[in-house]
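The file upload13.cif comes next; it holds mmCIF, C-alpha atoms.
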data_upload
#
loop_
_atom_site.label_atom_id
_atom_site.label_comp_id
_atom_site.auth_asym_id
_atom_site.auth_seq_id
_atom_site.Cartn_x
_atom_site.Cartn_y
_atom_site.Cartn_z
CA SER A 1 -42.00 -2.21 37.71
CA PHE A 2 -39.09 -2.57 40.10
CA ALA A 3 -38.00 0.90 38.97
CA TYR A 4 -41.24 2.39 40.31
CA PHE A 5 -40.88 0.58 43.64
CA THR A 6 -37.27 1.84 43.88
CA ILE A 7 -38.14 5.50 43.32
CA LYS A 8 -41.28 5.35 45.48
CA ASP A 9 -39.90 3.39 48.46
CA ARG A 10 -36.23 2.50 48.40
CA LEU A 11 -34.71 5.87 47.48
CA PRO A 12 -36.66 7.90 50.09
CA GLN A 13 -35.59 5.30 52.70
CA ILE A 14 -31.96 5.75 51.69
CA LEU A 15 -32.26 9.55 51.92
CA THR A 16 -33.89 9.26 55.35
CA ARG A 17 -30.98 7.12 56.54
CA VAL A 18 -28.47 9.63 55.19
CA ILE A 19 -30.20 12.49 57.06
CA ASP A 20 -30.29 10.35 60.20
CA THR A 21 -26.57 9.57 59.87
CA LEU A 22 -25.71 13.28 59.71
CA HIS A 23 -27.90 13.93 62.79
CA ARG A 24 -26.08 11.25 64.74
CA HIS A 25 -22.69 12.73 63.90
CA LYS A 26 -23.59 16.24 65.04
CA ASN A 27 -21.46 16.04 68.21
CA GLU A 28 -18.52 14.66 66.29
CA PHE A 29 -18.74 17.55 63.80
CA PHE A 30 -18.86 19.99 66.73
CA GLU A 31 -15.83 18.42 68.45
CA GLU A 32 -13.86 18.49 65.22
CA HIS A 33 -14.91 21.79 63.69
CA GLY A 34 -16.83 23.73 66.38
CA GLU A 35 -19.90 25.77 65.39
CA LYS A 36 -18.84 25.67 61.74
CA GLY A 37 -19.27 21.90 61.72
CA VAL A 38 -22.78 22.11 63.21
CA GLU A 39 -23.80 24.84 60.75
CA ALA A 40 -22.53 22.72 57.83
CA GLU A 41 -24.46 19.71 59.12
CA LYS A 42 -27.68 21.77 59.32
CA ARG A 43 -27.22 23.08 55.78
CA ALA A 44 -26.52 19.61 54.40
CA ILE A 45 -29.63 18.20 56.12
CA SER A 46 -31.84 20.96 54.77
CA PHE A 47 -30.44 20.35 51.27
CA LEU A 48 -31.21 16.61 51.61
CA SER A 49 -34.72 17.17 53.03
CA LYS A 50 -35.49 19.38 50.04
CA LEU A 51 -34.15 16.64 47.75
CA ARG A 52 -36.38 14.03 49.43
CA ASN A 53 -39.40 16.29 48.99
CA GLU A 54 -38.61 16.86 45.28
CA LEU A 55 -38.34 13.12 44.77
CA GLN A 56 -41.55 12.20 46.60
CA THR A 57 -43.63 14.88 44.86
CA ASP A 58 -42.32 14.10 41.36
CA LYS A 59 -40.73 17.51 40.80
CA PRO A 60 -38.72 18.19 37.64
CA VAL A 61 -35.04 17.25 37.77
CA THR A 62 -33.03 20.47 38.22
CA PRO A 63 -29.56 21.32 36.91
CA LEU A 64 -26.68 20.96 39.35
CA GLU A 65 -25.53 24.26 40.83
CA ASP A 66 -22.23 23.20 42.35
CA GLU A 67 -18.74 23.84 41.04
CA LEU A 68 -17.60 20.21 41.03
CA PRO A 69 -15.67 19.09 37.93
CA ASP A 70 -18.44 16.83 36.61
CA ALA A 71 -21.34 19.33 36.98
CA ALA A 72 -21.21 20.48 33.34
CA LEU A 73 -21.44 16.88 32.08
CA TRP A 74 -24.45 16.22 34.32
CA ASN A 75 -26.19 19.36 33.09
CA GLN A 76 -25.48 18.44 29.46
CA TYR A 77 -27.01 15.03 30.14
CA LEU A 78 -30.13 16.69 31.55
CA ASP A 79 -30.42 18.72 28.33
CA TYR A 80 -30.04 15.53 26.34
CA GLN A 81 -32.92 13.95 28.35
CA ARG A 82 -35.06 17.07 27.82
CA ASN A 83 -34.60 16.89 24.07
CA LEU A 84 -35.22 13.19 23.50
CA PRO A 85 -37.65 12.90 20.56
CA ASN A 86 -39.84 10.36 22.42
CA GLY A 87 -39.33 11.82 25.91
CA ASN A 88 -41.72 13.85 28.08
CA GLY A 89 -39.88 17.13 27.63
CA GLU A 90 -39.14 18.00 31.26
CA PRO A 91 -37.65 14.98 33.09
CA SER A 92 -39.08 14.49 36.57
CA TRP A 93 -38.43 11.85 39.22
CA PHE A 94 -41.20 9.46 38.13
CA GLN A 95 -41.18 10.37 34.42
CA SER A 96 -37.57 9.60 33.54
CA PRO A 97 -35.25 6.66 32.94
CA TRP A 98 -34.70 4.91 36.27
CA LEU A 99 -30.92 4.68 35.81
CA TYR A 100 -30.67 8.43 35.31
CA VAL A 101 -32.69 9.61 38.32
CA GLU A 102 -31.15 7.01 40.63
CA CYS A 103 -27.61 8.13 39.70
CA TYR A 104 -28.76 11.74 39.97
CA MET A 105 -29.93 11.22 43.56
CA TYR A 106 -26.50 9.94 44.63
CA ARG A 107 -24.82 12.85 42.87
CA ARG A 108 -27.08 15.27 44.76
CA ILE A 109 -26.25 13.55 48.07
CA HIS A 110 -22.59 14.10 47.23
CA ALA A 111 -23.26 17.77 46.45
CA ALA A 112 -25.04 18.25 49.81
CA LEU A 113 -21.76 17.47 51.56
CA ALA A 114 -19.27 18.73 49.00
CA GLN A 115 -20.87 22.20 49.13
CA ASN A 116 -20.74 22.34 52.92
CA PRO A 117 -17.19 22.43 54.24
CA PRO A 118 -15.77 21.55 56.73
CA ILE A 119 -17.80 18.30 56.54
CA ASP A 120 -17.32 18.04 52.76
CA ASN A 121 -15.22 14.86 52.98
CA PHE A 122 -17.63 12.97 55.22
CA ASP A 123 -18.83 9.69 53.66
CA VAL A 124 -22.44 9.25 54.82
CA PHE A 125 -22.29 5.55 53.88
CA LYS A 126 -18.98 4.72 55.57
CA GLU A 127 -20.46 3.19 58.74
CA GLY A 128 -22.71 0.83 56.81
CA LYS A 129 -19.80 -0.37 54.69
CA ALA A 130 -17.62 -0.95 57.77
CA GLN A 131 -20.46 -2.77 59.52
CA ASN A 132 -20.97 -5.03 56.50
CA PHE A 133 -17.26 -5.87 56.60
CA PHE A 134 -17.22 -6.69 60.34
CA GLU A 135 -20.47 -8.66 60.23
CA SER A 136 -19.05 -10.77 57.40
CA GLN A 137 -15.99 -11.71 59.49
CA GLU A 138 -16.65 -15.45 59.52
CA ALA A 139 -17.04 -15.58 55.75
CA VAL A 140 -13.91 -13.43 55.31
CA ILE A 141 -11.91 -15.74 57.61
CA ALA A 142 -13.18 -18.83 55.77
CA LEU A 143 -12.24 -17.36 52.39
CA CYS A 144 -8.80 -16.10 53.46
CA THR A 145 -8.02 -19.44 55.12
CA TYR A 146 -9.08 -21.39 52.06
CA PHE A 147 -7.02 -19.15 49.83
CA GLN A 148 -3.83 -19.25 51.94
CA GLU A 149 -4.05 -23.06 52.06
CA LEU A 150 -4.46 -23.07 48.27
CA LEU A 151 -1.36 -20.90 47.83
CA LYS A 152 0.82 -23.47 49.62
CA ASN A 153 0.68 -25.85 46.66
CA ILE A 154 -0.50 -23.60 43.84
CA LYS A 155 2.73 -24.30 41.91
CA ASP A 156 1.91 -28.01 41.79
CA LEU A 157 -1.60 -27.67 40.35
CA ASP A 158 -2.15 -28.99 36.84
CA GLU A 159 -4.30 -27.16 34.29
CA LYS A 160 -7.50 -28.96 35.26
CA GLN A 161 -7.02 -28.12 38.94
CA LEU A 162 -6.17 -24.50 38.17
CA GLN A 163 -9.32 -24.24 36.11
CA GLU A 164 -11.38 -25.67 38.97
CA GLU A 165 -9.95 -23.15 41.42
CA LEU A 166 -10.56 -20.26 39.01
CA PHE A 167 -14.18 -21.35 38.59
CA LYS A 168 -14.61 -21.58 42.38
CA LEU A 169 -13.25 -18.09 43.00
CA LEU A 170 -15.23 -16.60 40.11
CA GLN A 171 -18.37 -18.01 41.74
CA VAL A 172 -17.41 -16.67 45.17
CA SER A 173 -16.93 -13.25 43.59
CA LEU A 174 -20.26 -13.61 41.74
CA TRP A 175 -22.29 -14.51 44.84
CA GLY A 176 -20.38 -11.96 46.89
CA ASN A 177 -22.42 -9.50 44.84
CA LYS A 178 -25.47 -10.42 46.93
CA CYS A 179 -24.08 -8.20 49.72
CA ASP A 180 -25.45 -4.93 48.40
CA LEU A 181 -26.57 -2.13 50.70
CA SER A 182 -28.34 -0.01 48.07
CA PHE A 183 -30.46 -3.06 47.25
CA SER A 184 -31.44 -3.57 50.90
CA ALA A 185 -31.83 0.23 51.34
CA GLY A 186 -29.02 0.08 53.89
CA GLN A 187 -30.33 -2.87 55.94
CA ASP A 188 -27.83 -5.54 56.99
CA SER A 189 -26.73 -7.58 53.99
CA SER A 190 -23.54 -9.16 55.25
CA GLN A 191 -22.26 -12.58 54.27
CA LYS A 192 -22.66 -14.74 57.39
CA SER A 193 -21.51 -18.20 56.30
CA SER A 194 -18.59 -19.53 54.29
CA PRO A 195 -19.43 -18.93 50.65
CA LEU A 196 -17.36 -21.93 49.56
CA GLN A 197 -19.64 -24.47 51.18
CA SER A 198 -22.70 -23.69 49.10
CA LEU A 199 -21.18 -23.23 45.61
CA GLU A 200 -22.35 -26.62 44.31
CA ASN A 201 -25.96 -25.91 45.27
CA MET A 202 -25.83 -22.48 43.62
CA VAL A 203 -24.77 -23.64 40.15
CA PRO A 204 -28.38 -24.13 38.91
CA TYR A 205 -29.03 -20.45 39.68
CA ILE A 206 -26.36 -19.25 37.23
CA LEU A 207 -28.53 -18.47 34.21
CA VAL A 208 -25.64 -17.78 31.83
CA ASN A 209 -22.40 -19.53 32.69
CA ASP A 210 -19.50 -18.52 30.44
CA MET A 211 -16.69 -19.54 32.80
CA GLU A 212 -15.21 -21.90 30.17
CA LYS A 213 -14.82 -18.92 27.81
CA VAL A 214 -13.01 -16.94 30.50
CA TRP A 215 -10.68 -19.90 31.07
CA SER A 216 -9.95 -20.21 27.33
CA LEU A 217 -9.10 -16.51 27.23
CA PHE A 218 -6.48 -16.97 29.98
CA VAL A 219 -5.04 -20.09 28.34
CA ASN A 220 -4.65 -18.26 25.01
CA ALA A 221 -3.22 -15.14 26.63
CA LYS A 222 -0.63 -17.33 28.35
CA LYS A 223 0.38 -18.91 25.02
CA ASN A 224 0.72 -15.54 23.31
CA ARG A 225 2.58 -13.85 26.14
CA THR A 226 5.93 -12.39 25.13
CA GLU A 227 8.76 -10.82 27.14
CA ARG A 228 7.29 -7.40 26.57
CA SER A 229 3.57 -8.04 26.93
CA ASN A 230 1.90 -8.47 30.30
CA VAL A 231 -1.46 -10.16 30.77
CA ARG A 232 -3.63 -7.49 32.35
CA VAL A 233 -7.02 -7.93 34.03
CA ASP A 234 -9.23 -4.98 35.02
CA ILE A 235 -11.90 -5.41 37.69
CA ILE A 236 -14.61 -2.77 37.69
CA LEU A 237 -15.59 -2.99 41.34
CA ASP A 238 -19.01 -2.90 42.94
CA ASN A 239 -19.63 -3.19 46.69
CA ALA A 240 -17.19 -2.76 49.56
CA GLY A 241 -17.36 -5.27 52.44
CA PHE A 242 -17.39 -9.00 51.75
CA GLU A 243 -17.79 -8.59 47.99
CA LEU A 244 -14.59 -6.54 47.77
CA VAL A 245 -12.68 -9.20 49.74
CA SER A 246 -13.92 -11.86 47.30
CA ASP A 247 -12.69 -9.69 44.39
CA LEU A 248 -9.28 -9.21 46.02
CA VAL A 249 -8.90 -12.96 46.57
CA LEU A 250 -9.77 -13.59 42.92
CA ALA A 251 -7.22 -10.97 41.83
CA ASP A 252 -4.52 -12.49 44.03
CA PHE A 253 -5.30 -15.93 42.62
CA LEU A 254 -4.87 -14.63 39.04
CA LEU A 255 -1.39 -13.31 39.91
CA SER A 256 -0.31 -16.27 42.06
CA SER A 257 -1.38 -18.78 39.42
CA LYS A 258 0.42 -16.69 36.76
CA LEU A 259 -2.82 -16.42 34.75
CA ALA A 260 -2.32 -12.64 34.92
CA ASP A 261 0.64 -10.32 35.54
CA GLU A 262 -1.20 -7.22 36.71
CA VAL A 263 -4.64 -6.28 37.97
CA TYR A 264 -6.22 -2.83 37.76
CA PHE A 265 -9.13 -2.10 40.11
CA HIS A 266 -11.64 0.60 39.17
CA GLY A 267 -13.60 2.16 42.03
CA LYS A 268 -15.83 5.18 42.56
CA SER A 269 -14.51 8.72 43.04
CA MET A 270 -17.35 9.61 45.47
CA PRO A 271 -19.68 7.73 47.84
CA TRP A 272 -22.10 5.97 45.49
CA TYR A 273 -25.07 3.59 45.63
CA VAL A 274 -24.64 3.20 49.41
CA SER A 275 -21.99 0.48 49.43
CA ASP A 276 -19.87 1.01 46.30
CA THR A 277 -16.10 0.89 46.79
CA THR A 278 -14.16 4.16 46.96
CA LYS A 279 -10.37 4.49 47.25
CA HIS A 280 -10.77 4.96 51.00
CA ASP A 281 -12.82 1.73 51.29
CA PHE A 282 -10.27 -0.15 49.20
CA ASN A 283 -7.28 0.92 51.32
CA TRP A 284 -9.21 0.61 54.58
CA THR A 285 -10.24 -3.00 53.79
CA ILE A 286 -6.67 -4.07 53.04
CA LYS A 287 -5.43 -2.36 56.24
CA GLN A 288 -8.15 -4.04 58.32
CA LEU A 289 -7.12 -7.43 56.99
CA GLY A 290 -3.43 -6.73 57.47
CA SER A 291 -3.91 -5.81 61.13
CA ALA A 292 -6.45 -8.56 61.91
CA ASN A 293 -5.51 -10.96 64.72
CA HIS A 294 -6.21 -13.92 62.48
CA MET A 295 -3.13 -15.40 60.82
CA TRP A 296 -4.56 -15.95 57.32
CA MET A 297 -6.54 -12.73 57.22
CA SER A 298 -3.48 -10.71 58.10
CA ARG A 299 -1.34 -12.68 55.64
CA CYS A 300 -3.79 -11.70 52.86
CA GLY A 301 -3.77 -8.04 53.89
CA ILE A 302 0.02 -7.85 54.11
CA ASN A 303 0.47 -9.56 50.72
CA TRP A 304 -2.04 -7.21 49.14
CA GLU A 305 -0.29 -4.13 50.53
CA GLY A 306 2.82 -5.61 48.88
CA ASN A 307 1.04 -6.02 45.53
CA LEU A 308 0.09 -2.33 45.60
CA LYS A 309 3.64 -1.28 46.51
CA LYS A 310 5.11 -3.43 43.73
CA GLY A 311 2.66 -1.91 41.25
CA VAL A 312 1.20 -5.28 40.14
CA TRP A 313 -2.07 -4.07 41.65
CA VAL A 314 -3.28 -0.58 40.78
CA PHE A 315 -6.37 1.20 42.09
CA CYS A 316 -7.90 3.88 39.85
CA ASP A 317 -11.05 5.92 40.00
CA HIS A 318 -12.45 7.93 37.13
CA MET A 319 -15.28 10.44 37.13
CA PHE A 320 -17.05 8.49 34.37
CA TRP A 321 -18.07 5.65 36.72
CA THR A 322 -20.26 8.12 38.67
CA LEU A 323 -21.94 9.73 35.67
CA PRO A 324 -25.43 8.69 34.48
CA HIS A 325 -24.23 7.61 31.03
CA ASP A 326 -24.33 4.00 29.97
CA PHE A 327 -21.04 2.51 28.85
CA SER A 328 -21.77 2.72 25.12
CA SER A 329 -21.04 6.46 25.36
CA MET A 330 -17.71 6.03 27.20
CA SER A 331 -15.57 6.38 24.07
CA GLU A 332 -17.16 9.81 23.50
CA VAL A 333 -17.57 11.11 27.06
CA ALA A 334 -14.36 9.64 28.55
CA PRO A 335 -12.02 8.68 25.68
CA ASP A 336 -9.08 8.54 28.14
CA LEU A 337 -10.78 5.81 30.21
CA TYR A 338 -11.85 3.90 27.10
CA ALA A 339 -8.24 3.94 25.83
CA GLU A 340 -7.05 2.68 29.22
CA LEU A 341 -9.50 -0.25 29.17
CA GLN A 342 -8.36 -1.16 25.65
CA LYS A 343 -4.98 -2.14 27.17
CA SER A 344 -6.65 -4.94 29.11
CA ASN A 345 -6.87 -8.64 28.24
CA LEU A 346 -10.08 -9.03 30.26
CA LEU A 347 -12.50 -6.61 31.88
CA LEU A 348 -14.48 -8.06 34.79
CA PHE A 349 -17.58 -5.96 35.51
CA LYS A 350 -18.97 -6.61 38.97
CA GLY A 351 -22.59 -6.24 39.93
CA ASP A 352 -25.97 -5.04 38.87
CA LEU A 353 -25.39 -1.33 38.25
CA ASN A 354 -22.49 -2.12 35.91
CA TYR A 355 -24.75 -4.60 34.09
CA ARG A 356 -27.46 -1.97 33.70
CA LYS A 357 -24.90 0.43 32.25
CA LEU A 358 -23.45 -2.25 29.96
CA THR A 359 -26.87 -3.01 28.48
CA GLY A 360 -28.28 0.54 28.53
CA ASP A 361 -30.77 -0.53 31.26
CA ARG A 362 -33.42 -1.33 28.64
CA LYS A 363 -36.36 -3.69 28.74
CA TRP A 364 -34.75 -6.10 26.30
CA GLU A 365 -36.21 -9.39 25.13
CA TYR A 366 -34.40 -11.97 27.26
CA SER A 367 -32.89 -13.71 24.24
CA VAL A 368 -31.26 -10.62 22.68
CA PRO A 369 -27.52 -11.43 22.38
CA PHE A 370 -25.30 -9.80 25.04
CA HIS A 371 -22.98 -8.56 22.26
CA GLN A 372 -25.86 -6.65 20.66
CA ALA A 373 -27.08 -5.13 23.95
CA LEU A 374 -23.56 -3.77 24.59
CA ASN A 375 -24.27 -1.35 21.73
CA LYS A 376 -20.70 -1.19 20.36
CA PHE A 377 -19.03 -1.02 23.79
CA HIS A 378 -16.11 -3.34 23.06
CA PRO A 379 -12.86 -1.90 24.43
CA ALA A 380 -11.61 -5.44 25.27
CA PRO A 381 -13.04 -8.90 26.02
CA LEU A 382 -15.33 -8.49 29.00
CA CYS A 383 -17.26 -10.56 31.49
CA SER A 384 -20.10 -9.51 33.76
CA LEU A 385 -20.36 -11.16 37.20
CA ARG A 386 -23.77 -10.10 38.39
CA THR A 387 -26.59 -11.23 40.65
CA LEU A 388 -29.94 -10.05 39.28
CA LYS A 389 -31.41 -7.11 41.21
CA SER A 390 -33.12 -5.13 38.45
CA ASP A 391 -35.42 -5.98 35.58
CA THR A 392 -33.03 -6.15 32.66
CA GLN A 393 -31.44 -9.35 31.38
CA VAL A 394 -30.14 -10.45 27.98
CA GLY A 395 -28.36 -13.41 26.42
CA LEU A 396 -30.69 -16.12 27.70
CA LYS A 397 -31.69 -19.16 25.65
CA PRO A 398 -35.08 -18.86 23.94
CA GLY A 399 -37.80 -19.56 26.52
CA GLN A 400 -35.36 -19.65 29.47
CA GLY A 401 -36.50 -16.33 31.01
CA GLU A 402 -40.18 -17.18 30.59
CA GLN A 403 -39.63 -20.56 32.22
CA VAL A 404 -38.00 -19.06 35.34
CA GLN A 405 -40.65 -16.31 35.40
CA ALA A 406 -43.43 -18.91 35.53
CA SER A 407 -42.14 -20.44 38.77
CA GLU A 408 -40.59 -17.29 40.32
CA PRO A 409 -42.21 -13.99 39.32
CA ASP A 410 -39.55 -11.93 41.14
CA TRP A 411 -36.54 -13.80 39.68
CA MET A 412 -35.08 -10.63 38.14
CA VAL A 413 -34.92 -8.64 41.36
CA SER A 414 -34.43 -11.16 44.18
CA GLY A 415 -30.62 -11.48 43.94
CA LYS A 416 -31.10 -15.27 43.90
CA TYR A 417 -30.01 -15.70 40.26
CA GLY A 418 -26.70 -14.75 38.71
CA VAL A 419 -24.82 -14.60 35.42
CA VAL A 420 -21.20 -15.01 34.40
CA GLN A 421 -21.67 -13.47 30.97
CA PHE A 422 -18.78 -13.12 28.54
CA ASP A 423 -18.33 -11.09 25.38
CA ALA A 424 -15.21 -11.57 23.27
CA GLY A 425 -15.37 -8.05 21.88
CA LEU A 426 -14.76 -7.26 18.23
#

Would you kindly transcribe this structure into structure tokens?
Amino acid sequence: SFAYFTIKDRLPQILTRVIDTLHRHKNEFFEEHGEKGVEAEKRAISFLSKLRNELQTDKPVTPLEDELPDAALWNQYLDYQRNLPNGNGEPSWFQSPWLYVECYMYRRIHAALAQNPPIDNFDVFKEGKAQNFFESQEAVIALCTYFQELLKNIKDLDEKQLQEELFKLLQVSLWGNKCDLSFSAGQDSSQKSSPLQSLENMVPYILVNDMEKVWSLFVNAKKNRTERSNVRVDIILDNAGFELVSDLVLADFLLSSKLADEVYFHGKSMPWYVSDTTKHDFNWTIKQLGSANHMWMSRCGINWEGNLKKGVWVFCDHMFWTLPHDFSSMSEVAPDLYAELQKSNLLLFKGDLNYRKLTGDRKWEYSVPFHQALNKFHPAPLCSLRTLKSDTQVGLKPGQGEQVQASEPDWMVSGKYGVVQFDAGL
């Protein structure tokens, strides 16, 4: 399975890159923190080398020993895995649910740094994320230019035209999800060309296309809007870099077109899955755009800073997003977050990891309804924008998955196919 390939090849590669990154920053740690910095770097590397060895030799998963606020929840989850009636007793790297051990590896990478001040705030993935952003410059410029031109006459668009623009930007945000550094094990995955040019050709690769349902939701929300009630959209973010820019453009469009009044962005509270967006990445991206020497890029960045200041855009991170639990246990494990999401008119879940957590990362029959696979996770109407990079997929028409499989055996993991999959909730 793709899970086996990931644990055997991709994860050790990612760990090797992390160790290499720390090595390369040795001088910087010394300049900043003196001997203490170098000592911390050595300790972190030895911690990570031990982790890589545990992974490659299929050792049992061990409880976390750090004092971080989420450690108890992780250790409870390990107990839960140990006591599964149909489990193997002692979870190990190759004898456990893929989702769990993959999340666990990133949590251990975080611990390696968090436990070793003064380098405890160093993001080992930061360079890769920045590089992805800079190497996607042309695509970013094309998108910002398109969007700023669109804004000039957005007030004059009729419903049909608004719908067309929404569909375009949903697709840009969907295919932006191809730029994923954990998928490429950290290799370059930037967006080189303008994403707008190829949208027409990509439509056949959208296996489930519920964009009409998303549009209807906005139209109805607009009709039912009162003085006191705002239309709120929450975007559960995935990758930094080009994908994040495509999400920000979509969010700005929702406000500018008055389809929504406020947008909440949910990011990760620690470096996660190589290129996932943290608060630092979010603010850094908007600053980079604002100070760019390209008129439309900087216009976007400056407007977005303004949205944050006005409070119509809000960035939040919650510990739950970096736990191993799938989303069906959110109401139990993080009732505060669940209650927050219930205030939303639409939840947009970006990317593959969020899809795996929405559907419990199970080997479903392809035609199982999305609503059923969500396993009672229905805080609000939700939509998944995801390119397929792992072997779980639901909500297809009978025979559809088998048909694609016949012509393309790796369709579920190539990132070539996508879904815009909607669930109306309760």

Practice problem: Starting from the displayed file, determine the output of the PyMOL selection byres ((chain A and resi 374) around 10) and express the residue list as a PyMOL selection string. | Solution: chain A and resi 326-328+355+357-360+369-373+375-378+394+423+425

Exercise. List the residues selected by the PyMOL selection byres ((chain A and resi 34-47) around 7) in the file shown, writing them as a ChimeraX atom specification.
Key: /A:19,22,26,29-33,48-51,112-113,116-119

Exercise. Run the PyMOL selection byres ((chain A and resi 297-306) around 8) on the file and write out the hits as a list in words.
Key: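 This file, filtered by the PyMOL selection byres ((chain A and resi 297-306) around 8), leaves Val140, Ile141, Cys144, Thr145, Gln148, Asp252, Ile286, Lys287, Gln288, Leu289, Gly290, Ser291, Ala292, Asn293, His294, Met295, Trp296, Asn307, Leu308, Lys309 and Lys310 of chain A.
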
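Here atom CA of A:Val245 stands at a distance of 24.9 Å from atom CA of A:Lys343.
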
Quiz item: From the list A:Ser246, A:Gln400, A:Thr21, A:Gln131, which residue is nearest A:Trp175 when using all atoms listed in the file?
Solution: A:Ser246

Practice problem: Might you pull out every residue within 12 Å of A:Pro381, with all atoms listed in the file counted and same-chain residues fewer than 4 positions away left off, and present them as an MDAnalysis selection string? | Solution: chainID A and resid 213:214 216:218 221 232:234 341:349 371 374 377 421:426

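Taking only C-alpha atoms into account, A:Leu388 lies nearest to A:Asn177 out of the set A:Asn75, A:Asn177, A:Asn224, A:Thr62.
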
Self-check item: Minimum-distance residue to A:Phe2, chosen among A:Cys383, A:Leu99, A:Ile236, A:Leu151 (using all atoms listed in the file)
Solution: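 Selected residue with least distance to A:Phe2: A:Leu99.
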
Practice problem: List every protein, DNA or RNA residue that has at least one atom no more than 10 Å from (-30.4, 16.0, 43.9) in the file's coordinates, counting all atoms listed in the file, and write the result as a list in words. | Solution: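 Residues satisfying the cut-off, written out: Phe47, Leu48, Lys50, Leu51, Arg52, Glu54, Leu55, Val61, Thr62, Pro63, Leu64, Val101, Glu102, Cys103, Tyr104, Met105, Tyr106, Arg107, Arg108, Ile109, His110, Ala111 and Ala112 of chain A.
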
Can I get the selected residues back with C-alpha atoms, as a PDB file, in the frame of the given file?
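What landed in result19.pdb:
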ATOM      1  CA  PHE A  47     -30.440  20.350  51.270  1.00  0.00           C
ATOM      2  CA  LEU A  48     -31.210  16.610  51.610  1.00  0.00           C
ATOM      3  CA  LYS A  50     -35.490  19.380  50.040  1.00  0.00           C
ATOM      4  CA  LEU A  51     -34.150  16.640  47.750  1.00  0.00           C
ATOM      5  CA  ARG A  52     -36.380  14.030  49.430  1.00  0.00           C
ATOM      6  CA  GLU A  54     -38.610  16.860  45.280  1.00  0.00           C
ATOM      7  CA  LEU A  55     -38.340  13.120  44.770  1.00  0.00           C
ATOM      8  CA  VAL A  61     -35.040  17.250  37.770  1.00  0.00           C
ATOM      9  CA  THR A  62     -33.030  20.470  38.220  1.00  0.00           C
ATOM     10  CA  PRO A  63     -29.560  21.320  36.910  1.00  0.00           C
ATOM     11  CA  LEU A  64     -26.680  20.960  39.350  1.00  0.00           C
ATOM     12  CA  VAL A 101     -32.690   9.610  38.320  1.00  0.00           C
ATOM     13  CA  GLU A 102     -31.150   7.010  40.630  1.00  0.00           C
ATOM     14  CA  CYS A 103     -27.610   8.130  39.700  1.00  0.00           C
ATOM     15  CA  TYR A 104     -28.760  11.740  39.970  1.00  0.00           C
ATOM     16  CA  MET A 105     -29.930  11.220  43.560  1.00  0.00           C
ATOM     17  CA  TYR A 106     -26.500   9.940  44.630  1.00  0.00           C
ATOM     18  CA  ARG A 107     -24.820  12.850  42.870  1.00  0.00           C
ATOM     19  CA  ARG A 108     -27.080  15.270  44.760  1.00  0.00           C
ATOM     20  CA  ILE A 109     -26.250  13.550  48.070  1.00  0.00           C
ATOM     21  CA  HIS A 110     -22.590  14.100  47.230  1.00  0.00           C
ATOM     22  CA  ALA A 111     -23.260  17.770  46.450  1.00  0.00           C
ATOM     23  CA  ALA A 112     -25.040  18.250  49.810  1.00  0.00           C
TER      24      ALA A 112
END

Self-check item: Point-to-point distance in Å for atom CA of A:Ile235 and atom CA of A:Val263
Solution: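 So the answer is 7.3 Å.
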
Self-check item: Counting only C-alpha atoms, the option among A:Asn132, A:Ser269, A:Asn209, A:Asn283 closest to A:Phe167
Solution: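 Among the listed residues, the smallest separation from A:Phe167 belongs to A:Asn209.
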
Practice problem: Find the residues around A:Arg386 up to 12 Å (only C-alpha atoms counted), leave out those fewer than 5 positions away in its own chain, and share them as an MDAnalysis selection string. | Solution: chainID A and resid 170:180 205:209 236:239 243 348:356 358 392:393 412:413 415:422

Quiz item: What is the atom CA of A:Lys59 to atom CA of A:Arg24 distance in Å?
Solution: 28.8 Å

Self-check item: Selection: 8 Å around A:Tyr77, only C-alpha atoms, excl. self and same-chain fewer than 4 positions, as a ChimeraX atom specification
Solution: /A:73,81,324-325

Based on the selection just made, write C-alpha atoms of those residues as a compact mmCIF listing (two decimals), keeping the file's coordinate frame.
# COMPACT_ATOMS: atom_id res chain seq x y z
CA LEU A 73 -21.44 16.88 32.08
CA GLN A 81 -32.92 13.95 28.35
CA PRO A 324 -25.43 8.69 34.48
CA HIS A 325 -24.23 7.61 31.03
